[in-house]
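Asks: The following block contains the structure, expressed as structure tokens.
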Amino acid sequence: MTDVPERPAGRIRWRRFLGIFAAGAIGAGGIMVAIAQEALAVSFAVAGTPLKTTADQLNGYGFVAYGAVDHEINGRLHPVLVNAFRRATLDNFCQSVVTPVPILGAVTLRTTAPHVYAENLGVDVELILGTVTYHDVEINRDASTLTQGPPGARGVPGTSGTQAAAVNVKDLRQIAWATVADTLRLSDSKNIVLIGNHPCF
């Protein structure tokens, strides 16, 4: 709870993130075109293992979503849906990444916090589960014309995008390849390294 057009200062290139709350149609059409154009969601190479995130509730304001593609340093591509918010809060947050380590095997890094606050947040999402409520939503708008999200948070012309004044997700379960934000504050956070496979879900 861890881009082709210009992106806001302190971020990478706003091409994906958090709430793929958009319907499947958004992901399918937008992502395929983005892949064809070799558009990348973030400017950095992502790690070879994704992030798993859970939260009891996510409240986001100034929301946009559009398709993009992340890449690993070895060239492997990951189609994603960028979910971006001007502001977002998450309650009872948990994020985990499992990494294979020689001799030890799987090692899990888990970060938890009772409350998270973010500004100009973007998440490159592969999967999102939860109960979603949109407010003042526009679905299947040209992704290059999105205006509700953070500065520069837009997709490839001709692809499908979604935007809403606000969005609420209850019982969030998410798999993502990257997260970027201008501000990310975790209250009373805890980081722990565990031997074995211990994801948040």
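Chain identifiers are assigned as A, B, and so on, following the order in which chains appear in the structure tokens; residues are numbered from 1 within each chain, and ligands are numbered from 1 in order of appearance.
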Near range 154-164 of chain A, within 6 Å and counting only C-alpha atoms, which residues show up once chain neighbours fewer than 6 positions away are dropped, as a ChimeraX atom specification?
Replies: /A:26,30,63-66,135-144,146
Asks: Write out as a ChimeraX atom specification all residues of range 32-174 of chain A that backbone DSSP assigns to helix (DSSP H, G or I).
Replies: /A:32-36,143-145
Asks: Taking the chain letters and numbering used in this document, name the residues of range 45-160 of chain A that DSSP puts in strand (DSSP E), as a PyMOL selection string.
Replies: chain A and resi 51-71+77-101+105-142+160
Asks: Given the selection you just returned, output its residues as a file containing C-alpha atoms, formatted as a compact mmCIF listing (two decimals), in the first residue's frame.
Replies:
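Okay, this is what ended up in result17.txt:
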```
# COMPACT_ATOMS: atom_id res chain seq x y z
CA LEU A 51 3.42 -7.08 -3.47
CA LYS A 52 0.34 -8.42 -1.73
CA THR A 53 -1.75 -5.87 0.16
CA THR A 54 -4.83 -6.03 2.36
CA ALA A 55 -6.88 -3.37 4.14
CA ASP A 56 -10.23 -3.33 5.89
CA GLN A 57 -11.10 -0.19 3.97
CA LEU A 58 -9.61 2.15 1.39
CA ASN A 59 -11.03 5.62 0.85
CA GLY A 60 -9.68 7.47 -2.18
CA TYR A 61 -10.38 10.92 -3.60
CA GLY A 62 -9.57 12.13 -7.10
CA PHE A 63 -9.35 8.66 -8.65
CA VAL A 64 -8.28 7.52 -12.13
CA ALA A 65 -7.49 4.10 -13.63
CA TYR A 66 -5.92 3.08 -16.95
CA GLY A 67 -3.87 0.25 -18.46
CA ALA A 68 -0.07 0.09 -18.66
CA VAL A 69 2.84 -2.36 -18.57
CA ASP A 70 5.60 -2.83 -15.96
CA HIS A 71 8.93 -4.46 -16.75
CA LEU A 77 6.57 -7.65 -18.87
CA HIS A 78 3.60 -7.36 -16.51
CA PRO A 79 0.32 -5.88 -17.82
CA VAL A 80 -1.17 -3.74 -15.05
CA LEU A 81 -3.98 -1.37 -14.27
CA VAL A 82 -2.74 1.90 -12.81
CA ASN A 83 -4.94 3.11 -9.97
CA ALA A 84 -4.06 6.65 -8.95
CA PHE A 85 -5.47 8.93 -6.24
CA ARG A 86 -4.94 12.54 -5.23
CA ARG A 87 -5.52 11.41 -1.63
CA ALA A 88 -6.14 8.02 -0.06
CA THR A 89 -6.43 6.42 3.37
CA LEU A 90 -6.29 2.74 4.32
CA ASP A 91 -7.35 1.12 7.59
CA ASN A 92 -5.71 -1.99 9.09
CA PHE A 93 -3.06 -2.10 6.34
CA CYS A 94 -0.85 -5.11 5.60
CA GLN A 95 1.67 -5.45 2.77
CA SER A 96 3.96 -8.41 2.09
CA VAL A 97 6.58 -9.51 -0.40
CA VAL A 98 8.00 -13.04 -0.49
CA THR A 99 11.53 -13.45 -1.85
CA PRO A 100 13.47 -16.69 -2.51
CA VAL A 101 16.81 -16.66 -0.65
CA GLY A 105 14.33 -20.65 0.95
CA ALA A 106 11.36 -18.26 1.00
CA VAL A 107 11.66 -15.13 3.18
CA THR A 108 8.71 -12.81 3.79
CA LEU A 109 8.88 -9.09 4.58
CA ARG A 110 5.61 -7.87 6.11
CA THR A 111 4.68 -4.26 6.86
CA THR A 112 1.59 -3.48 8.92
CA ALA A 113 -0.04 -0.26 10.16
CA PRO A 114 -3.43 0.57 11.66
CA HIS A 115 -3.71 3.65 9.42
CA VAL A 116 -2.07 4.80 6.19
CA TYR A 117 -2.34 8.21 4.51
CA ALA A 118 -1.09 8.96 0.98
CA GLU A 119 -0.98 11.92 -1.40
CA ASN A 120 -0.65 11.55 -5.18
CA LEU A 121 -0.63 7.80 -4.85
CA GLY A 122 -0.29 5.38 -7.77
CA VAL A 123 -0.40 1.57 -7.74
CA ASP A 124 0.31 -0.77 -10.67
CA VAL A 125 -2.22 -3.50 -10.03
CA GLU A 126 -2.48 -7.04 -11.34
CA LEU A 127 -5.45 -8.10 -9.21
CA ILE A 128 -7.90 -6.40 -6.86
CA LEU A 129 -10.67 -7.96 -4.81
CA GLY A 130 -13.19 -6.17 -2.62
CA THR A 131 -16.52 -4.36 -2.50
CA VAL A 132 -16.17 -1.12 -4.47
CA THR A 133 -18.35 2.01 -4.41
CA TYR A 134 -17.72 4.87 -6.87
CA HIS A 135 -18.97 8.44 -6.61
CA ASP A 136 -19.48 10.58 -9.75
CA VAL A 137 -17.83 7.93 -11.92
CA GLU A 138 -17.00 8.04 -15.66
CA ILE A 139 -16.20 4.65 -17.25
CA ASN A 140 -14.62 4.06 -20.68
CA ARG A 141 -13.38 7.63 -21.02
CA ASP A 142 -10.31 8.07 -23.24
CA SER A 160 -10.04 2.98 -21.94
```
Asks: Report, in Å to a single decimal, how far apart CA of Val46 in chain A and CA of Ile73 in chain A are.
Replies: 7.2 Å
Asks: From the set A:Ile103, A:Val193, A:Leu186, A:Ala178, which residue has the shortest atom-to-atom contact distance to Ala45 in chain A, counting only C-alpha atoms?
Replies: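 Checking each candidate against Ala45 in chain A, we get A:Ala178 as the closest.
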Asks: If you measure from CA of Ala153 in chain A to CA of Val167 in chain A, what distance in Å do you get, rounded to one decimal?
Replies: 16.4 Å
Asks: If you measure from CA of Gly48 in chain A to CA of Asn168 in chain A, what distance in Å do you get, rounded to one decimal?
Replies: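 Between these atoms lies a distance of 29.6 Å.
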